[in-house]
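Dumped model03.txt below, it's compact mmCIF, C-alpha atoms:
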```
# COMPACT_ATOMS: atom_id res chain seq x y z
CA MET A 1082 17.45 9.29 6.68
CA ALA A 1083 14.09 10.82 5.75
CA ARG A 1084 11.07 8.57 6.21
CA MET A 1085 8.29 9.07 3.67
CA LYS A 1086 4.83 9.58 5.16
CA PHE A 1087 1.34 10.72 4.16
CA LEU A 1088 -0.68 12.93 6.49
CA CYS A 1089 -4.23 14.02 5.72
CA ASP A 1090 -5.39 17.15 7.49
CA ALA A 1091 -9.02 16.04 7.88
CA ASP A 1092 -10.16 19.56 8.77
CA ARG A 1093 -9.14 20.77 5.33
CA CYS A 1094 -10.32 17.87 3.15
CA ILE A 1095 -13.42 18.83 1.17
CA GLU A 1096 -13.92 15.42 -0.48
CA CYS A 1097 -13.22 16.77 -3.96
CA ASN A 1098 -11.53 13.49 -4.96
CA ALA A 1099 -8.87 15.34 -6.95
CA CYS A 1100 -6.21 13.17 -5.27
CA VAL A 1101 -7.99 10.03 -6.49
CA THR A 1102 -8.29 11.37 -10.04
CA ALA A 1103 -4.70 12.64 -10.13
CA CYS A 1104 -3.39 9.27 -8.98
CA LYS A 1105 -5.43 7.32 -11.54
CA ASN A 1106 -4.30 9.61 -14.33
CA GLU A 1107 -0.64 9.80 -13.38
CA HIS A 1108 -0.18 6.03 -13.09
CA ASP A 1109 -2.67 4.98 -15.75
CA VAL A 1110 -4.40 2.86 -13.11
CA PRO A 1111 -6.84 0.40 -14.72
CA TRP A 1112 -10.59 0.36 -14.22
CA GLY A 1113 -11.67 -1.15 -10.93
CA ILE A 1114 -8.59 -0.06 -9.01
CA ASN A 1115 -8.33 3.01 -6.82
CA ARG A 1116 -4.97 3.33 -5.18
CA ARG A 1117 -6.34 6.24 -3.19
CA ARG A 1118 -9.87 7.06 -2.09
CA VAL A 1119 -11.66 9.57 0.09
CA VAL A 1120 -13.55 8.21 3.08
CA THR A 1121 -16.27 10.42 4.58
CA ILE A 1122 -17.57 9.97 8.10
CA ASN A 1123 -20.99 11.36 9.13
CA ASP A 1124 -21.72 12.27 5.52
CA GLY A 1125 -24.21 15.12 5.26
CA LYS A 1126 -24.38 15.74 9.00
CA PRO A 1127 -22.77 18.46 11.10
CA GLY A 1128 -19.27 17.41 11.97
CA GLU A 1129 -18.78 15.57 8.71
CA ARG A 1130 -15.13 14.66 8.17
CA SER A 1131 -13.39 13.39 5.08
CA VAL A 1132 -10.00 11.79 4.92
CA SER A 1133 -7.99 10.73 1.91
CA MET A 1134 -6.72 7.17 2.33
CA ALA A 1135 -4.14 5.05 0.53
CA CYS A 1136 -1.28 2.80 1.54
CA MET A 1137 0.23 4.38 4.64
CA HIS A 1138 3.61 2.70 4.11
CA CYS A 1139 3.64 1.16 7.58
CA THR A 1140 6.91 0.72 9.42
CA ASP A 1141 6.11 -2.90 10.29
CA ALA A 1142 3.77 -3.56 7.38
CA PRO A 1143 1.14 -6.26 8.07
CA CYS A 1144 0.79 -6.93 4.33
CA ALA A 1145 4.45 -7.93 4.20
CA ALA A 1146 4.05 -10.07 7.32
CA VAL A 1147 1.29 -12.23 5.80
CA CYS A 1148 2.49 -12.44 2.18
CA PRO A 1149 3.13 -16.15 1.44
CA VAL A 1150 5.61 -15.34 -1.36
CA ASP A 1151 7.38 -12.45 0.41
CA CYS A 1152 6.93 -10.07 -2.49
CA PHE A 1153 7.05 -6.89 -0.34
CA TYR A 1154 10.12 -4.88 0.48
CA THR A 1155 10.78 -1.56 2.19
CA THR A 1156 13.11 1.00 0.64
CA ALA A 1157 15.71 2.99 2.57
CA ASP A 1158 13.28 5.93 2.68
CA ALA A 1159 10.57 3.72 4.25
CA VAL A 1160 8.34 3.24 1.21
CA VAL A 1161 6.64 -0.18 1.12
CA LEU A 1162 6.77 -1.60 -2.42
CA HIS A 1163 6.10 -5.00 -3.94
CA SER A 1164 7.08 -7.11 -6.92
CA LYS A 1165 4.25 -7.96 -9.30
CA ASP A 1166 6.39 -10.73 -10.76
CA LEU A 1167 6.26 -12.58 -7.46
CA CYS A 1168 2.70 -11.69 -6.40
CA ILE A 1169 0.26 -14.60 -6.80
CA GLY A 1170 -2.87 -12.53 -6.12
CA CYS A 1171 -3.88 -14.55 -3.06
CA GLY A 1172 -5.47 -11.56 -1.32
CA TYR A 1173 -3.94 -12.13 2.12
CA CYS A 1174 -2.47 -8.62 2.13
CA PHE A 1175 -5.94 -7.17 1.52
CA TYR A 1176 -7.25 -8.88 4.64
CA ALA A 1177 -4.20 -7.87 6.69
CA CYS A 1178 -4.12 -4.20 5.69
CA PRO A 1179 -5.94 -1.92 8.18
CA PHE A 1180 -6.45 0.72 5.44
CA GLY A 1181 -7.77 -1.50 2.62
CA ALA A 1182 -4.90 -0.39 0.38
CA PRO A 1183 -4.23 -3.51 -1.72
CA GLN A 1184 -6.45 -3.64 -4.80
CA TYR A 1185 -6.95 -6.27 -7.52
CA PRO A 1186 -7.78 -5.81 -11.20
CA ARG A 1187 -10.44 -8.55 -11.30
CA VAL A 1188 -13.17 -9.82 -9.02
CA GLY A 1189 -12.52 -13.44 -8.18
CA ASN A 1190 -11.39 -16.02 -5.71
CA PHE A 1191 -7.94 -17.00 -4.54
CA GLY A 1192 -5.44 -16.56 -7.34
CA SER A 1193 -7.88 -15.45 -10.03
CA ARG A 1194 -8.06 -11.74 -9.27
CA GLY A 1195 -4.73 -10.80 -10.83
CA LYS A 1196 -1.65 -9.14 -9.40
CA MET A 1197 -2.13 -6.88 -6.41
CA ASP A 1198 -1.83 -3.14 -7.02
CA LYS A 1199 -1.40 -0.43 -4.42
CA CYS A 1200 -0.06 3.06 -3.83
CA THR A 1201 3.69 3.17 -4.39
CA PHE A 1202 4.22 6.67 -2.93
CA CYS A 1203 4.97 7.47 -6.58
CA ALA A 1204 8.14 5.36 -6.27
CA ALA A 1205 7.05 2.58 -8.69
CA GLY A 1206 8.65 -0.86 -8.22
CA PRO A 1207 11.76 -3.01 -8.45
CA GLU A 1208 12.36 -2.50 -12.19
CA GLY A 1209 14.76 0.19 -13.39
CA ASP A 1210 13.80 3.78 -12.61
CA SER A 1211 11.41 5.46 -15.04
CA THR A 1212 11.54 2.63 -17.57
CA GLU A 1213 8.59 1.63 -19.75
CA ILE A 1214 8.26 -1.77 -18.09
CA GLU A 1215 8.23 -0.12 -14.65
CA TYR A 1216 5.57 2.34 -15.75
CA ALA A 1217 3.39 -0.43 -17.20
CA LYS A 1218 3.48 -2.42 -13.95
CA TYR A 1219 3.58 0.22 -11.25
CA GLY A 1220 3.13 3.65 -12.78
CA ALA A 1221 5.29 6.75 -12.64
CA ASN A 1222 8.39 7.06 -10.47
CA ARG A 1223 8.11 10.68 -9.36
CA LEU A 1224 10.32 10.18 -6.31
CA ALA A 1225 13.26 9.30 -8.59
CA GLU A 1226 12.54 12.51 -10.53
CA GLY A 1227 12.94 14.58 -7.36
CA LYS A 1228 9.20 15.11 -6.89
CA LEU A 1229 6.58 14.03 -4.35
CA PRO A 1230 3.35 12.01 -4.82
CA LEU A 1231 1.04 13.85 -7.20
CA CYS A 1232 -2.04 13.37 -4.99
CA ALA A 1233 -0.47 15.59 -2.33
CA GLU A 1234 1.11 18.03 -4.75
CA MET A 1235 -2.21 18.89 -6.37
CA CYS A 1236 -4.47 18.86 -3.30
CA SER A 1237 -6.59 21.97 -3.75
CA THR A 1238 -7.02 22.73 -0.04
CA LYS A 1239 -3.50 21.63 0.97
CA SER A 1240 -5.09 18.93 3.06
CA LEU A 1241 -3.00 16.00 1.93
CA LEU A 1242 0.64 16.25 2.93
CA ALA A 1243 3.38 13.90 1.75
CA GLY A 1244 7.12 13.78 2.18
CA ASP A 1245 9.64 13.61 4.99
CA GLY A 1246 7.64 12.59 8.07
CA GLU A 1247 9.37 15.07 10.34
CA ILE A 1248 8.80 18.05 8.04
CA ILE A 1249 5.11 17.35 7.34
CA ALA A 1250 4.51 16.67 11.04
CA ALA A 1251 6.02 20.09 11.80
CA ILE A 1252 3.77 21.73 9.15
CA TYR A 1253 0.69 20.04 10.64
CA LYS A 1254 1.70 20.98 14.18
CA GLU A 1255 2.08 24.59 13.13
CA ARG A 1256 -1.39 24.54 11.56
CA VAL A 1257 -2.97 23.08 14.69
CA THR A 1258 -1.27 25.70 16.86
CA GLN A 1259 -2.37 28.56 14.60
CA ARG A 1260 -5.98 27.42 14.36
CA GLY A 1261 -6.47 28.55 17.93
CA TYR A 1262 -9.44 26.94 19.57
CA GLY A 1263 -9.15 23.48 18.14
CA SER A 1264 -10.22 22.44 14.72
CA GLY A 1265 -13.39 24.52 14.85
CA ALA A 1266 -11.48 27.53 13.56
CA TRP A 1267 -11.41 25.96 10.11
CA GLY A 1268 -14.56 23.87 10.25
CA TRP A 1269 -18.29 23.96 10.74
CA GLN A 1270 -18.28 26.31 13.72
CA THR A 1271 -16.64 29.02 11.65
CA ALA A 1272 -18.83 28.42 8.61
CA TYR A 1273 -22.16 28.42 10.49
CA ARG A 1274 -22.25 29.33 14.17
CA GLU A 1275 -20.27 28.89 17.35
CA THR A 1276 -22.94 26.83 19.09
CA ILE A 1277 -23.26 24.12 16.48
CA ASP A 1278 -22.80 20.68 17.99
CA VAL A 1279 -19.82 19.12 16.24
CA MET B 266 -15.44 -68.98 -3.07
CA GLN B 267 -11.92 -69.82 -1.96
CA GLU B 268 -10.57 -68.37 -5.20
CA LYS B 269 -12.64 -65.27 -4.82
CA GLN B 270 -11.27 -64.71 -1.29
CA GLN B 271 -7.74 -65.20 -2.49
CA THR B 272 -8.20 -62.56 -5.20
CA ALA B 273 -9.51 -60.16 -2.61
CA MET B 274 -6.57 -60.84 -0.33
CA ASN B 275 -4.15 -60.29 -3.18
CA ARG B 276 -5.65 -56.95 -3.95
CA ARG B 277 -5.38 -55.90 -0.34
CA ASN B 278 -1.83 -57.16 -0.13
CA PHE B 279 -0.98 -55.21 -3.23
CA LEU B 280 -2.42 -52.04 -1.81
CA ARG B 281 -0.68 -52.63 1.50
CA ALA B 282 2.62 -53.26 -0.25
CA PHE B 283 2.12 -50.23 -2.49
CA GLY B 284 1.18 -48.09 0.49
CA GLY B 285 4.28 -49.26 2.36
CA ALA B 286 6.50 -48.49 -0.59
CA SER B 287 5.09 -45.02 -1.08
CA THR B 288 5.54 -44.22 2.61
CA THR B 289 9.18 -45.25 2.34
CA ALA B 290 9.56 -43.07 -0.77
CA VAL B 291 8.07 -40.06 1.00
CA ALA B 292 10.38 -40.60 3.96
CA ALA B 293 13.37 -40.84 1.63
CA ALA B 294 12.34 -37.65 -0.15
CA ALA B 295 11.98 -35.88 3.17
CA VAL B 296 15.52 -36.86 4.08
CA THR B 297 17.00 -35.70 0.76
CA LEU B 298 14.94 -32.47 0.43
CA THR B 299 15.43 -30.94 3.86
CA PRO B 300 13.87 -27.47 3.63
CA GLY B 301 16.20 -24.59 4.42
CA GLU B 302 15.40 -21.18 5.88
CA ALA B 303 12.68 -19.29 4.01
CA GLN B 304 14.23 -16.50 1.97
CA ALA B 305 12.51 -13.11 1.88
CA TYR B 306 12.45 -11.32 -1.46
CA ASP B 307 15.47 -9.09 -1.76
CA PRO B 308 15.37 -6.89 -4.86
CA GLY B 309 18.93 -5.72 -4.21
CA GLU B 310 20.60 -2.59 -2.95
CA GLU B 311 19.99 -0.58 -6.09
CA GLU B 312 16.21 -0.92 -5.87
CA THR B 313 15.93 -0.38 -2.12
CA ARG B 314 18.07 2.75 -2.05
CA ALA B 315 16.37 6.03 -1.12
CA ARG B 316 14.89 7.89 -4.09
CA TYR B 317 13.78 10.92 -2.09
CA ARG B 318 15.83 14.08 -2.52
CA GLU B 319 15.07 17.50 -1.15
CA THR B 320 15.03 19.22 -4.53
CA GLU B 321 13.75 22.74 -5.21
CA HIS B 322 10.47 21.16 -6.29
CA VAL B 323 10.09 19.38 -2.95
CA LYS B 324 11.11 22.47 -0.99
CA ALA B 325 8.47 24.46 -2.84
CA PHE B 326 5.85 21.91 -1.76
CA TYR B 327 6.85 22.24 1.89
CA ARG B 328 6.90 26.02 1.60
CA VAL B 329 3.40 26.38 0.11
CA ASN B 330 1.94 23.99 2.67
CA GLY B 331 3.40 25.87 5.61
CA TYR B 332 1.00 28.02 7.61
CA GLU B 333 2.69 31.32 6.87
CA THR B 334 2.06 30.78 3.16
CA LEU B 335 -1.49 29.54 3.69
CA LYS B 336 -2.32 32.69 5.68
CA LYS B 337 -1.50 35.00 2.76
```
Would you put the structure from the file into structure tokens?
Amino acid sequence: MARMKFLCDADRCIECNACVTACKNEHDVPWGINRRRVVTINDGKPGERSVSMACMHCTDAPCAAVCPVDCFYTTADAVVLHSKDLCIGCGYCFYACPFGAPQYPRVGNFGSRGKMDKCTFCAAGPEGDSTEIEYAKYGANRLAEGKLPLCAEMCSTKSLLAGDGEIIAAIYKERVTQRGYGSGAWGWQTAYRETIDV
Amino acid sequence: MQEKQQTAMNRRNFLRAFGGASTTAVAAAAVTLTPGEAQAYDPGEEETRARYRETEHVKAFYRVNGYETLKK
């Protein structure tokens, strides 16, 4: 059985935020919520790296481990989803998640911030596939339509990969092998000079 | 004075008696409402089944992300 995974090739990410915009548009994500965001390390300095982050659909998801109402479930293709009908907006999952994936529509304390929202790997939620009610709560169900998450599909530099973990790992491995002398082949050392300290 | 003390005693007795009764009630409730095993949310087989299919669309994604295609 294929296991769904995201993989961001940090040497290719140019921090264009197209993945963030595509996600917000595709799922009609409300103001204040970003299911995906681009994190930049050493911004503006040589060796700057950007990586696109969202829910990583962990195998043993810490969000599910701490949820007091057990609203999380994992599908057969290893996508971590949740039920907004059960969620009480306590925020425990936000503290447990190492990637900061869970988001809330309102700023507030325990229980007043609304139902948690996060990346669904474009697989929506427990309601019927591609129904209006499912779209309103969780957004589009592209996986049921035979497609992959839109963030990865429209990545301009082919940095963000999504799909069967084994296949995207093979694609990434091939890239790393072909780049030759490490990541410098695609990065700052190629763009400027060989001696730059990365 | 004596009367005043008696009133005070009565009040304390009442509270003690009330406290005793409520403790018994809580104990009785605990016996009748024995909590079972916590049940994790199970949305059912239909919703947890795999949605991913290797369609032509998906294959095209893998193909264009492969290095040989990127090189061209």
What are the centre and the three edge lengths of an axis-aligned box that wraps all atoms of stretch 1159-1164 of chain A in the file, given that 6 Å is added to every side, written as AutoDock Vina command-line options and rounded to one decimal in Å?
```
--center_x 8.3 --center_y -1.7 --center_z -1.3 --size_x 16.5 --size_y 22.8 --size_z 23.2
```
- Message: Please identify all residues of chain A having at least one atom at most 9 Å from any atom of chain B, considering all atoms listed in the file, and return them as a count of residues only.
- Response: 43
- Message: Can you tell me which residues surround stretch 1183-1199 of chain A at a distance of at most 12 Å, considering only C-alpha atoms, apart from same-chain residues fewer than 4 positions away, and format the answer as a PyMOL selection string?
- Response: chain A and resi 1104-1105+1108-1118+1134-1138+1143-1145+1148+1152-1153+1160-1179+1203-1206+1217-1220
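Rounded to one decimal, atom CA of A:Asp1141 and atom CA of A:Val1120 lie 23.7 Å from each other.
Computed from the coordinates, the atom CA of A:Ser1133 to atom CA of A:Cys1089 distance equals 6.3 Å.
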- What residues have an atom no more than 9 Å from (-9.3, 17.1, 1.4) in the file's own frame, counting only C-alpha atoms, and can you write them as JSON, numbers by chain? {"A": [1089, 1090, 1091, 1092, 1093, 1094, 1095, 1096, 1097, 1098, 1099, 1100, 1119, 1131, 1132, 1133, 1236, 1237, 1238, 1239, 1240, 1241]}
- Which distance in Å separates atom CA of A:Gly1246 and atom CA of A:Thr1212, to one decimal?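 A separation of 27.8 Å between them.
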Completed stretch 1179-1202 of chain A (N, CA and C atoms) as a short mmCIF file (atom, residue, chain, number, x, y, z; two decimals), keeping the file's coordinate frame:
```cif
data_model
loop_
_atom_site.label_atom_id
_atom_site.label_comp_id
_atom_site.auth_asym_id
_atom_site.auth_seq_id
_atom_site.Cartn_x
_atom_site.Cartn_y
_atom_site.Cartn_z
N PRO A 1179 -4.90 -2.65 7.43
CA PRO A 1179 -5.94 -1.92 8.18
C PRO A 1179 -6.55 -0.77 7.38
N PHE A 1180 -5.96 -0.42 6.23
CA PHE A 1180 -6.45 0.72 5.44
C PHE A 1180 -7.11 0.28 4.13
N GLY A 1181 -7.17 -1.00 3.86
CA GLY A 1181 -7.77 -1.50 2.62
C GLY A 1181 -7.02 -1.06 1.38
N ALA A 1182 -5.70 -0.92 1.50
CA ALA A 1182 -4.90 -0.39 0.38
C ALA A 1182 -4.73 -1.36 -0.79
N PRO A 1183 -4.44 -2.64 -0.56
CA PRO A 1183 -4.23 -3.51 -1.72
C PRO A 1183 -5.50 -3.68 -2.56
N GLN A 1184 -5.33 -3.55 -3.87
CA GLN A 1184 -6.45 -3.64 -4.80
C GLN A 1184 -6.11 -4.68 -5.87
N TYR A 1185 -7.15 -5.23 -6.50
CA TYR A 1185 -6.95 -6.27 -7.52
C TYR A 1185 -7.70 -5.91 -8.79
N PRO A 1186 -7.13 -6.22 -9.94
CA PRO A 1186 -7.78 -5.81 -11.20
C PRO A 1186 -9.06 -6.57 -11.52
N ARG A 1187 -9.24 -7.77 -10.98
CA ARG A 1187 -10.44 -8.55 -11.30
C ARG A 1187 -11.12 -9.03 -10.02
N VAL A 1188 -12.43 -9.25 -10.14
CA VAL A 1188 -13.17 -9.82 -9.02
C VAL A 1188 -13.04 -11.34 -9.15
N GLY A 1189 -12.66 -12.00 -8.09
CA GLY A 1189 -12.52 -13.44 -8.18
C GLY A 1189 -12.06 -14.03 -6.88
N ASN A 1190 -11.85 -15.33 -6.90
CA ASN A 1190 -11.39 -16.02 -5.71
C ASN A 1190 -9.88 -16.08 -5.70
N PHE A 1191 -9.38 -16.80 -4.74
CA PHE A 1191 -7.94 -17.00 -4.54
C PHE A 1191 -7.22 -17.22 -5.87
N GLY A 1192 -6.29 -16.36 -6.17
CA GLY A 1192 -5.44 -16.56 -7.34
C GLY A 1192 -6.02 -16.14 -8.68
N SER A 1193 -7.29 -15.78 -8.73
CA SER A 1193 -7.88 -15.45 -10.03
C SER A 1193 -8.16 -13.96 -10.18
N ARG A 1194 -7.75 -13.18 -9.21
CA ARG A 1194 -8.06 -11.74 -9.27
C ARG A 1194 -6.93 -10.89 -9.83
N GLY A 1195 -5.85 -11.52 -10.22
CA GLY A 1195 -4.73 -10.80 -10.83
C GLY A 1195 -3.75 -10.28 -9.80
N LYS A 1196 -2.70 -9.63 -10.28
CA LYS A 1196 -1.65 -9.14 -9.40
C LYS A 1196 -2.14 -7.96 -8.55
N MET A 1197 -1.72 -7.96 -7.32
CA MET A 1197 -2.13 -6.88 -6.41
C MET A 1197 -1.53 -5.55 -6.87
N ASP A 1198 -2.29 -4.49 -6.67
CA ASP A 1198 -1.83 -3.14 -7.02
C ASP A 1198 -2.11 -2.23 -5.83
N LYS A 1199 -1.18 -1.36 -5.53
CA LYS A 1199 -1.40 -0.43 -4.42
C LYS A 1199 -0.58 0.83 -4.64
N CYS A 1200 -0.83 1.81 -3.78
CA CYS A 1200 -0.06 3.06 -3.83
C CYS A 1200 1.42 2.76 -3.64
N THR A 1201 2.25 3.39 -4.46
CA THR A 1201 3.69 3.17 -4.39
C THR A 1201 4.42 4.40 -3.84
N PHE A 1202 3.68 5.37 -3.34
CA PHE A 1202 4.22 6.67 -2.93
C PHE A 1202 4.93 7.29 -4.13
#
```
